[in-house]
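A.B. asks: Got a file for you: my_file.txt, compact mmCIF, C-alpha atoms.
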```txt
# COMPACT_ATOMS: atom_id res chain seq x y z
CA MET F 22 -26.93 83.72 -8.45
CA LYS F 23 -23.96 82.62 -10.50
CA ARG F 24 -22.33 81.17 -7.38
CA LEU F 25 -25.51 79.19 -6.56
CA LEU F 26 -25.65 77.78 -10.09
CA ILE F 27 -22.05 76.56 -9.86
CA LEU F 28 -22.80 74.91 -6.51
CA LEU F 29 -25.82 73.11 -7.97
CA LEU F 30 -23.74 71.85 -10.89
CA ILE F 31 -21.10 70.49 -8.50
CA VAL F 32 -23.76 68.66 -6.48
CA LEU F 33 -25.35 67.28 -9.66
CA PHE F 34 -21.97 66.04 -10.90
CA ALA F 35 -21.29 64.33 -7.59
CA VAL F 36 -24.65 62.58 -7.72
CA MET F 37 -23.95 61.41 -11.25
CA LEU F 38 -20.58 60.00 -10.20
CA ALA F 39 -22.17 58.17 -7.31
CA GLY F 40 -24.71 56.65 -9.62
CA CYS F 41 -22.04 55.35 -11.97
CA LYS F 42 -20.01 53.67 -9.21
CA LYS F 43 -20.35 49.87 -9.32
CA PRO F 44 -21.67 48.19 -6.19
CA ARG F 45 -19.05 46.20 -4.28
CA GLU F 46 -19.08 42.54 -5.34
CA ASN F 47 -19.36 39.83 -2.69
CA GLN F 48 -15.94 38.31 -2.00
CA PRO F 49 -15.94 34.48 -1.99
CA PRO F 50 -14.79 32.51 1.07
CA VAL F 51 -11.32 30.95 0.98
CA LEU F 52 -10.66 27.34 2.06
CA GLN F 53 -7.31 25.82 3.07
CA LYS F 54 -6.30 22.30 4.09
CA ILE F 55 -4.76 21.61 7.49
CA GLY F 56 -2.25 18.82 7.00
CA GLU F 57 -2.15 16.50 4.03
CA SER F 58 -3.51 13.02 4.94
CA GLU F 59 -2.70 12.01 1.38
CA GLY F 60 -0.43 9.63 -0.50
CA VAL F 61 -0.49 6.01 0.66
CA ILE F 62 -1.94 5.22 4.08
CA ASP F 63 -3.16 2.12 5.86
CA CYS F 64 -6.81 1.42 6.57
CA SER F 65 -7.05 3.32 9.84
CA ALA F 66 -9.13 6.43 10.55
CA ASN F 67 -8.10 9.31 8.29
CA VAL F 68 -8.77 12.73 9.81
CA LEU F 69 -9.29 15.46 7.19
CA GLU F 70 -9.28 19.04 8.47
CA TRP F 71 -9.67 22.47 6.91
CA ILE F 72 -9.98 26.16 7.77
CA ALA F 73 -12.02 28.89 6.05
CA SER F 74 -12.09 32.68 5.96
CA ASP F 75 -14.67 35.03 4.42
CA PRO F 76 -13.45 38.58 3.62
CA ASP F 77 -16.88 40.19 3.82
CA GLY F 78 -19.21 37.90 5.70
CA THR F 79 -19.51 34.63 7.55
CA ILE F 80 -19.48 30.95 6.57
CA ALA F 81 -22.99 29.53 6.44
CA LYS F 82 -22.15 25.86 5.79
CA TYR F 83 -19.75 23.37 4.25
CA TYR F 84 -20.42 20.72 1.63
CA VAL F 85 -18.44 17.47 1.26
CA ASN F 86 -18.10 15.06 -1.65
CA VAL F 87 -16.88 11.61 -0.61
CA ASP F 88 -15.46 9.37 -3.36
CA GLU F 89 -17.34 11.35 -6.03
CA ALA F 90 -20.73 10.31 -4.61
CA GLY F 91 -22.10 13.89 -4.81
CA TRP F 92 -22.16 16.99 -2.59
CA ASN F 93 -23.79 16.78 0.84
CA ASP F 94 -24.49 19.46 3.46
CA TYR F 95 -21.95 19.10 6.29
CA GLY F 96 -23.05 22.02 8.48
CA LEU F 97 -20.27 24.02 10.12
CA GLU F 98 -17.93 21.12 10.99
CA THR F 99 -14.32 21.65 9.87
CA GLU F 100 -13.14 18.07 10.41
CA TYR F 101 -14.15 14.83 8.74
CA VAL F 102 -13.12 11.55 10.40
CA TRP F 103 -13.17 8.91 7.68
CA ASN F 104 -13.00 5.44 9.19
CA ASP F 105 -15.21 3.28 7.01
CA TYR F 106 -13.27 3.11 3.75
CA GLY F 107 -11.63 0.02 2.30
CA THR F 108 -8.39 -0.44 0.41
CA GLY F 109 -8.04 1.31 -2.93
CA VAL F 110 -8.07 4.82 -4.39
CA HIS F 111 -10.15 7.43 -2.53
CA SER F 112 -11.01 11.10 -2.93
CA PHE F 113 -12.55 13.74 -0.66
CA GLU F 114 -13.64 17.30 -1.54
CA VAL F 115 -14.89 20.28 0.50
CA LYS F 116 -16.38 23.65 -0.44
CA ALA F 117 -17.87 26.45 1.68
CA GLU F 118 -20.88 28.73 1.19
CA ASP F 119 -21.12 32.13 2.89
CA ASN F 120 -24.20 33.93 4.21
CA GLU F 121 -24.66 35.67 0.85
CA GLY F 122 -24.75 32.41 -1.12
CA THR F 123 -21.26 32.69 -2.60
CA PHE F 124 -19.16 29.53 -2.83
CA SER F 125 -15.48 29.14 -2.03
CA ASN F 126 -12.74 27.34 -3.89
CA ILE F 127 -12.84 23.53 -3.72
CA ILE F 128 -10.09 21.71 -1.82
CA SER F 129 -9.48 17.99 -2.20
CA TRP F 130 -7.56 15.05 -0.78
CA ASN F 131 -6.58 11.98 -2.78
CA PHE F 132 -5.03 8.87 -1.28
CA VAL F 133 -4.51 5.14 -1.70
CA ALA F 134 -5.41 2.94 1.25
CA ILE F 135 -3.52 -0.32 1.72
CA GLU F 136 -3.56 -2.96 4.42
CA GLU F 137 -1.50 -2.35 7.55
CA MET F 138 2.28 -2.76 7.49
CA ILE F 139 4.32 -4.18 10.40
CA LEU F 140 7.64 -2.75 11.59
CA VAL F 141 10.50 -5.27 11.61
CA GLU F 142 13.48 -4.06 13.60
CA SER F 143 17.07 -4.70 12.58
CA GLY F 144 18.86 -7.78 13.86
CA LYS F 145 20.78 -10.97 13.14
CA PHE F 146 19.64 -14.54 12.43
CA THR F 147 20.75 -17.88 11.06
CA MET F 148 19.26 -18.35 7.60
CA GLY F 149 18.43 -21.76 6.15
CA ASP F 150 17.22 -25.17 7.28
CA SER F 151 17.66 -25.04 11.07
CA TRP F 152 15.62 -28.23 11.61
CA GLY F 153 17.47 -30.71 9.40
CA ASP F 154 14.43 -31.89 7.43
CA GLY F 155 14.60 -29.55 4.44
CA TYR F 156 16.07 -29.54 0.95
CA GLU F 157 19.61 -29.13 -0.30
CA ASN F 158 19.01 -25.59 -1.59
CA GLU F 159 18.22 -24.48 1.99
CA LEU F 160 21.84 -25.11 3.01
CA PRO F 161 24.45 -24.28 4.14
CA LEU F 162 23.27 -22.40 7.20
CA HIS F 163 24.72 -18.90 7.28
CA GLU F 164 24.53 -15.85 9.51
CA VAL F 165 22.70 -12.81 8.15
CA THR F 166 22.65 -9.32 9.63
CA ILE F 167 19.98 -6.78 8.64
CA ASP F 168 21.16 -3.44 10.01
CA TYR F 169 18.09 -1.35 9.16
CA ASP F 170 14.41 -1.39 10.14
CA TYR F 171 11.75 -2.05 7.53
CA PHE F 172 7.99 -2.37 7.18
CA ILE F 173 6.38 -5.46 5.69
CA GLY F 174 2.76 -6.11 4.78
CA LYS F 175 0.73 -7.59 7.61
CA TYR F 176 -1.10 -9.51 4.89
CA GLU F 177 -0.41 -10.65 1.35
CA VAL F 178 -1.57 -8.07 -1.21
CA THR F 179 -5.27 -8.66 -1.82
CA PHE F 180 -7.38 -8.59 -4.95
CA ASP F 181 -9.03 -5.41 -3.64
CA GLU F 182 -5.65 -3.69 -3.49
CA PHE F 183 -4.37 -4.98 -6.82
CA ASP F 184 -7.67 -4.35 -8.62
CA ALA F 185 -7.49 -0.67 -7.55
CA PHE F 186 -4.07 -0.48 -9.23
CA CYS F 187 -5.46 -2.08 -12.39
CA ASP F 188 -8.47 0.27 -12.44
CA ASP F 189 -6.27 3.34 -12.00
CA LEU F 190 -3.92 2.41 -14.85
CA GLY F 191 -6.37 0.58 -17.12
CA ARG F 192 -4.58 -2.75 -16.78
CA THR F 193 -6.20 -6.15 -17.25
CA LYS F 194 -7.11 -7.70 -13.91
CA PRO F 195 -5.73 -11.15 -13.00
CA LYS F 196 -8.06 -14.15 -12.87
CA ASP F 197 -9.47 -15.43 -9.58
CA PHE F 198 -10.69 -18.84 -10.85
CA SER F 199 -14.16 -18.05 -9.40
CA TRP F 200 -12.87 -18.44 -5.84
CA GLY F 201 -13.60 -14.80 -5.03
CA ARG F 202 -11.62 -11.57 -4.99
CA GLU F 203 -11.89 -8.82 -2.35
CA ARG F 204 -9.63 -9.83 0.61
CA ARG F 205 -8.30 -13.03 -0.90
CA PRO F 206 -4.61 -12.77 -1.87
CA VAL F 207 -4.11 -11.76 -5.47
CA ILE F 208 -2.81 -14.60 -7.66
CA SER F 209 -1.71 -15.11 -11.25
CA VAL F 210 0.55 -12.06 -11.14
CA SER F 211 4.05 -12.17 -12.58
CA TRP F 212 7.09 -10.76 -10.81
CA TYR F 213 6.94 -7.83 -13.24
CA ASP F 214 3.26 -7.23 -12.36
CA ALA F 215 4.22 -7.18 -8.68
CA ILE F 216 7.01 -4.61 -9.11
CA ALA F 217 4.74 -2.46 -11.30
CA TYR F 218 2.28 -2.39 -8.39
CA CYS F 219 5.10 -1.39 -6.03
CA ASN F 220 6.16 1.48 -8.31
CA TRP F 221 2.53 2.63 -8.55
CA LEU F 222 2.33 2.79 -4.75
CA SER F 223 5.55 4.79 -4.67
CA ASP F 224 4.17 7.23 -7.24
CA LYS F 225 0.98 7.68 -5.22
CA ALA F 226 3.01 8.27 -2.05
CA GLY F 227 5.34 10.77 -3.72
CA LEU F 228 8.35 8.51 -3.14
CA ALA F 229 11.25 7.67 -5.42
CA ARG F 230 10.49 4.47 -7.33
CA ALA F 231 12.16 1.28 -6.13
CA TYR F 232 12.57 -0.28 -9.60
CA ASP F 233 13.69 0.73 -13.05
CA ASP F 234 12.03 -0.72 -16.17
CA ASN F 235 14.22 -3.82 -15.99
CA GLY F 236 13.52 -4.51 -12.32
CA ASN F 237 16.80 -3.27 -10.88
CA LEU F 238 16.58 -1.69 -7.43
CA LEU F 239 17.06 2.09 -7.35
CA ASP F 240 18.37 4.35 -4.62
CA LEU F 241 16.87 7.72 -3.68
CA SER F 242 18.72 9.52 -6.49
CA GLY F 243 17.59 7.02 -9.14
CA GLY F 244 20.90 5.18 -9.38
CA MET F 245 21.35 1.43 -9.15
CA ALA F 246 21.19 0.22 -5.54
CA ASP F 247 23.20 -2.73 -4.22
CA ASP F 248 21.85 -2.45 -0.66
CA PRO F 249 18.08 -2.59 0.04
CA SER F 250 18.49 -0.03 2.83
CA GLU F 251 19.22 2.58 0.12
CA VAL F 252 15.79 2.12 -1.52
CA ASN F 253 13.07 4.60 -0.60
CA GLY F 254 9.94 3.35 -2.36
CA PHE F 255 7.69 0.32 -2.00
CA ARG F 256 9.22 -2.96 -3.14
CA LEU F 257 9.21 -6.72 -2.76
CA PRO F 258 11.16 -8.15 0.19
CA THR F 259 14.63 -9.51 -0.28
CA GLU F 260 14.85 -13.23 0.49
CA ALA F 261 16.63 -12.47 3.76
CA GLU F 262 14.02 -9.87 4.78
CA TRP F 263 11.27 -12.36 4.02
CA GLU F 264 12.76 -15.17 6.12
CA TYR F 265 13.73 -12.84 8.98
CA ALA F 266 10.13 -11.54 9.20
CA ALA F 267 8.69 -15.06 8.86
CA ARG F 268 10.84 -16.24 11.77
CA GLY F 269 9.54 -13.36 13.91
CA GLY F 270 12.48 -10.98 13.61
CA ASP F 271 15.23 -10.75 16.19
CA SER F 272 13.33 -13.08 18.55
CA GLU F 273 14.84 -16.01 16.56
CA SER F 274 11.62 -17.98 16.78
CA LEU F 275 12.16 -21.73 16.74
CA PHE F 276 8.82 -22.43 15.06
CA LYS F 277 9.12 -24.54 11.93
CA TYR F 278 6.24 -22.65 10.31
CA SER F 279 5.71 -18.90 10.60
CA GLY F 280 4.19 -18.61 14.07
CA SER F 281 3.69 -22.24 15.11
CA ASN F 282 4.87 -25.83 14.87
CA ASP F 283 1.30 -26.80 13.93
CA PRO F 284 0.57 -25.80 10.32
CA ASP F 285 -3.19 -25.89 10.88
CA GLU F 286 -2.89 -22.95 13.30
CA VAL F 287 -1.14 -20.58 10.91
CA ALA F 288 -1.54 -21.84 7.34
CA TRP F 289 -3.98 -22.66 4.57
CA TYR F 290 -2.48 -25.71 2.84
CA ARG F 291 -3.42 -29.00 1.17
CA GLU F 292 -4.95 -30.49 4.32
CA ASN F 293 -7.38 -27.65 5.17
CA ALA F 294 -7.81 -25.31 2.17
CA HIS F 295 -10.78 -26.97 0.44
CA ASN F 296 -13.25 -24.45 -0.94
CA ASP F 297 -16.64 -24.59 0.82
CA THR F 298 -18.56 -24.54 -2.48
CA THR F 299 -16.54 -26.71 -4.84
CA ASP F 300 -14.53 -28.78 -2.33
CA SER F 301 -11.46 -28.03 -4.46
CA LEU F 302 -8.32 -26.46 -3.03
CA SER F 303 -8.34 -22.66 -3.15
CA THR F 304 -7.01 -19.49 -1.57
CA TRP F 305 -8.66 -18.02 1.52
CA PRO F 306 -9.18 -14.43 2.73
CA VAL F 307 -6.05 -13.03 4.35
CA GLY F 308 -5.71 -12.87 8.13
CA GLU F 309 -8.01 -15.76 9.09
CA LYS F 310 -5.20 -17.90 10.49
CA GLU F 311 -3.11 -16.98 13.55
CA PRO F 312 -0.22 -14.50 12.99
CA ASN F 313 3.41 -15.03 13.86
CA GLY F 314 5.17 -13.30 16.73
CA LEU F 315 5.38 -10.00 14.86
CA GLY F 316 1.68 -10.02 14.01
CA ILE F 317 2.19 -10.99 10.35
CA HIS F 318 -0.33 -13.40 8.77
CA ASP F 319 -0.05 -16.10 6.09
CA MET F 320 3.72 -16.23 5.73
CA SER F 321 3.21 -19.98 5.69
CA GLY F 322 0.56 -21.12 3.22
CA ASN F 323 -2.29 -19.43 1.34
CA VAL F 324 -0.04 -18.27 -1.54
CA LEU F 325 3.65 -18.40 -2.30
CA GLU F 326 5.22 -14.93 -2.41
CA TRP F 327 7.61 -13.27 -4.82
CA CYS F 328 10.90 -11.94 -3.45
CA THR F 329 12.83 -9.16 -5.16
CA GLU F 330 15.85 -11.27 -6.13
CA PRO F 331 16.77 -13.93 -8.65
CA PHE F 332 17.48 -17.36 -7.20
CA GLN F 333 21.02 -18.35 -6.28
CA GLU F 334 22.57 -21.08 -4.14
CA TYR F 335 23.59 -20.29 -0.56
CA THR F 336 27.15 -20.07 0.70
CA ALA F 337 28.35 -20.37 4.30
CA ASP F 338 29.60 -16.78 4.36
CA SER F 339 28.14 -14.34 6.86
CA THR F 340 26.48 -11.41 5.13
CA THR F 341 24.98 -8.01 5.94
CA ASN F 342 21.93 -6.67 4.07
CA PRO F 343 22.22 -9.33 1.33
CA TYR F 344 20.78 -8.60 -2.10
CA VAL F 345 21.31 -10.44 -5.39
CA PRO F 346 21.36 -8.14 -8.49
CA ILE F 347 19.26 -9.24 -11.46
CA ASP F 348 22.06 -9.45 -14.07
CA GLY F 349 19.66 -10.57 -16.77
CA SER F 350 18.10 -13.39 -14.76
CA LYS F 351 14.43 -14.25 -15.31
CA ASP F 352 14.01 -16.74 -12.44
CA PHE F 353 13.05 -15.23 -9.09
CA VAL F 354 12.70 -16.58 -5.56
CA ILE F 355 9.27 -17.48 -4.19
CA ARG F 356 8.70 -18.23 -0.50
CA GLY F 357 6.16 -19.47 2.01
CA GLY F 358 4.25 -22.37 0.51
CA SER F 359 0.63 -22.24 -0.65
CA TYR F 360 -2.87 -23.64 -0.27
CA PHE F 361 -1.87 -26.34 -2.78
CA ASN F 362 1.24 -27.57 -0.92
CA ILE F 363 1.92 -30.24 1.68
CA ALA F 364 3.12 -29.13 5.12
CA ARG F 365 6.80 -29.70 4.35
CA LEU F 366 6.66 -26.92 1.77
CA LEU F 367 5.28 -24.42 4.32
CA ARG F 368 8.44 -24.43 6.46
CA VAL F 369 10.08 -21.03 7.00
CA PRO F 370 13.33 -21.87 5.07
CA TYR F 371 11.57 -23.46 2.06
CA ARG F 372 12.47 -21.76 -1.24
CA GLU F 373 11.77 -22.20 -4.94
CA GLU F 374 12.49 -20.38 -8.17
CA VAL F 375 9.97 -19.44 -10.87
CA ASN F 376 10.15 -17.57 -14.17
CA GLY F 377 9.24 -13.98 -13.30
CA GLU F 378 7.49 -13.36 -16.62
CA ILE F 379 4.54 -15.64 -15.87
CA GLY F 380 1.73 -15.46 -13.36
CA ILE F 381 0.86 -18.65 -11.49
CA TYR F 382 -2.32 -19.54 -9.61
CA VAL F 383 -0.38 -20.35 -6.42
CA VAL F 384 1.82 -17.21 -6.33
CA GLY F 385 1.11 -13.73 -4.96
CA PHE F 386 3.22 -11.24 -3.02
CA ARG F 387 3.47 -8.78 -0.13
CA VAL F 388 5.17 -5.38 -0.04
CA VAL F 389 8.06 -3.95 1.95
CA ARG F 390 9.41 -0.48 2.54
CA THR F 391 12.68 0.47 4.25
CA GLU F 392 12.01 2.57 7.34
CA LYS F 393 13.31 6.12 6.77
```
Written as structure tokens, that's how I'd like the structure from this file.
C.D. replies:
Amino acid sequence: MKRLLILLLIVLFAVMLAGCKKPRENQPPVLQKIGESEGVIDCSANVLEWIASDPDGTIAKYYVNVDEAGWNDYGLETEYVWNDYGTGVHSFEVKAEDNEGTFSNIISWNFVAIEEMILVESGKFTMGDSWGDGYENELPLHEVTIDYDYFIGKYEVTFDEFDAFCDDLGRTKPKDFSWGRERRPVISVSWYDAIAYCNWLSDKAGLARAYDDNGNLLDLSGGMADDPSEVNGFRLPTEAEWEYAARGGDSESLFKYSGSNDPDEVAWYRENAHNDTTDSLSTWPVGEKEPNGLGIHDMSGNVLEWCTEPFQEYTADSTTNPYVPIDGSKDFVIRGGSYFNIARLLRVPYREEVNGEIGIYVVGFRVVRTEK
């Protein structure tokens, strides 16, 4: 009898222990990104992929949130092909739900989309007025070698692109004079505004900045650079890079304008740039005129473009990877002619200098990055 009582107590104790044991909690699914697809990319299809695991069940569905527009059911797809976004700052989020209604962690991608960039391969060219109808500051002719490849904007930086930078940093947006924004080239930006945009792109891409606070070029380690090939981040073109790309690279194009001897084919300028509404001269959306041999648009006309260097007179000396340090100068080179200019000012070798502290309604810019 005593033995039976002990046995009953043991059973009762075991039952009590079982009753006190907490039920096993549902383990949430775990999401991971496949690849990055982040930083700074051009406006081509961006493929975002992920993988999920659920320790104690199965994935029931995924939800996506595109540019903070709200969560939407995405079924069981683990890839999102995003091909309908414009330039600017974009975000994408994914979360998973398992068959017990438990949600995973949220994974996200953030990137800045810019217009396409064109590869310019290294080479040699004769810089200056090759046609004999230019200005004194386009002479003497001199041989220039660029011994590195670089990318240059297919188009001038647009209002859409620059406005995204202003929105992200809370900066005042430049005026458009009621001509329109979107894919028209940004205007009324100073040289310092342009290099701030370049540094912002570098930050978004996770690259070393190209400029210090004074506008000096920086190498990968953050030291002063005296050769543009040493710079890793986004920047303005050197004057030689600009002219080499405008001529069509190593092909040594003989076109007087960038891509043609007929300015009407490749340029918006005084003879054809009248606004449809006001009949006044104005900028036009990028890429509507024919490109040059490299596929680059508007290097003649539409807007003049900042270069990264202060202005200085040419010499006849042959040079490799030329770059002019700032050394306290405030006047920087602008190239390419504008919608406001006559045809003579659209020629490939034409050059001017402007105070870099002011923004002008005929001046914009395009970006460059050394190929690494």
A.B. asks: Between F:Glu118, F:Asp77, F:Glu334, F:Asp319, which residue has the minimum interatomic distance to Asp94 in chain F, considering all atoms listed in the file?
C.D. replies: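 Among the listed residues, F:Glu118 lies closest to Asp94 in chain F.
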A.B. asks: My list of candidates is F:Phe332, F:Ile347, F:Glu286, F:Arg205. Which is closest to Met245 in chain F when distances are computed with all atoms listed in the file?
C.D. replies: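 Nearest candidate to Met245 in chain F out of F:Phe332, F:Ile347, F:Glu286, F:Arg205: F:Ile347.
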A.B. asks: I want to know what sits within 12 Å of range 143-151 of chain F, based on all atoms listed in the file, with residues of the same chain fewer than 3 positions away left out; could you give that as JSON, numbers by chain?
C.D. replies: {"F": [140, 154, 155, 156, 157, 158, 159, 160, 161, 162, 163, 164, 165, 166, 167, 168, 169, 170, 171, 172, 250, 260, 261, 262, 263, 264, 265, 266, 267, 268, 269, 270, 271, 272, 273, 274, 275, 276, 277, 278, 334, 335, 336, 337, 338, 339, 340, 341, 342, 343, 365, 368, 369, 370, 371, 372, 391, 392]}
A.B. asks: Do a neighbour search on range 207-210 of chain F at 8 Å with all atoms listed in the file, toss out local chain neighbours closer than 2 positions, and write the hits as a CSV table (one decimal) with C-alpha atoms, in the frame of the given file.
C.D. replies:
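Generated file (selection21.csv):
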```csv
chain,number,residue,atom,x,y,z
F,177,GLU,CA,-0.4,-10.6,1.4
F,178,VAL,CA,-1.6,-8.1,-1.2
F,179,THR,CA,-5.3,-8.7,-1.8
F,180,PHE,CA,-7.4,-8.6,-5.0
F,183,PHE,CA,-4.4,-5.0,-6.8
F,195,PRO,CA,-5.7,-11.2,-13.0
F,196,LYS,CA,-8.1,-14.2,-12.9
F,197,ASP,CA,-9.5,-15.4,-9.6
F,202,ARG,CA,-11.6,-11.6,-5.0
F,205,ARG,CA,-8.3,-13.0,-0.9
F,212,TRP,CA,7.1,-10.8,-10.8
F,213,TYR,CA,6.9,-7.8,-13.2
F,214,ASP,CA,3.3,-7.2,-12.4
F,215,ALA,CA,4.2,-7.2,-8.7
F,324,VAL,CA,0.0,-18.3,-1.5
F,379,ILE,CA,4.5,-15.6,-15.9
F,380,GLY,CA,1.7,-15.5,-13.4
F,381,ILE,CA,0.9,-18.6,-11.5
F,382,TYR,CA,-2.3,-19.5,-9.6
F,383,VAL,CA,-0.4,-20.4,-6.4
F,384,VAL,CA,1.8,-17.2,-6.3
F,385,GLY,CA,1.1,-13.7,-5.0
F,386,PHE,CA,3.2,-11.2,-3.0
```
A.B. asks: What separation in Å, quoted to one decimal, exists between CA of Val115 in chain F and CA of Asn86 in chain F?
C.D. replies: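 Result for CA of Val115 in chain F versus CA of Asn86 in chain F: 6.5 Å, one decimal.
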A.B. asks: Kindly indicate which residue among F:Glu98, F:Glu59, F:Asp119, F:Glu182 lies nearest to Ser74 in chain F, using only C-alpha atoms for the distances.
C.D. replies: F:Asp119
A.B. asks: Please compute the CA of Glu251 in chain F-CA of Val141 in chain F distance, one decimal, in Å.
C.D. replies: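 Taking CA of Glu251 in chain F as the start and CA of Val141 in chain F as the end point, the length is 16.4 Å.
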A.B. asks: If we draw a sphere of 12 Å around (3.0, 9.8, -9.6), which residues have at least one atom in it when counting only C-alpha atoms? Please report them as a PyMOL selection string.
C.D. replies: chain F and resi 60-61+131-133+189-190+219-230+254
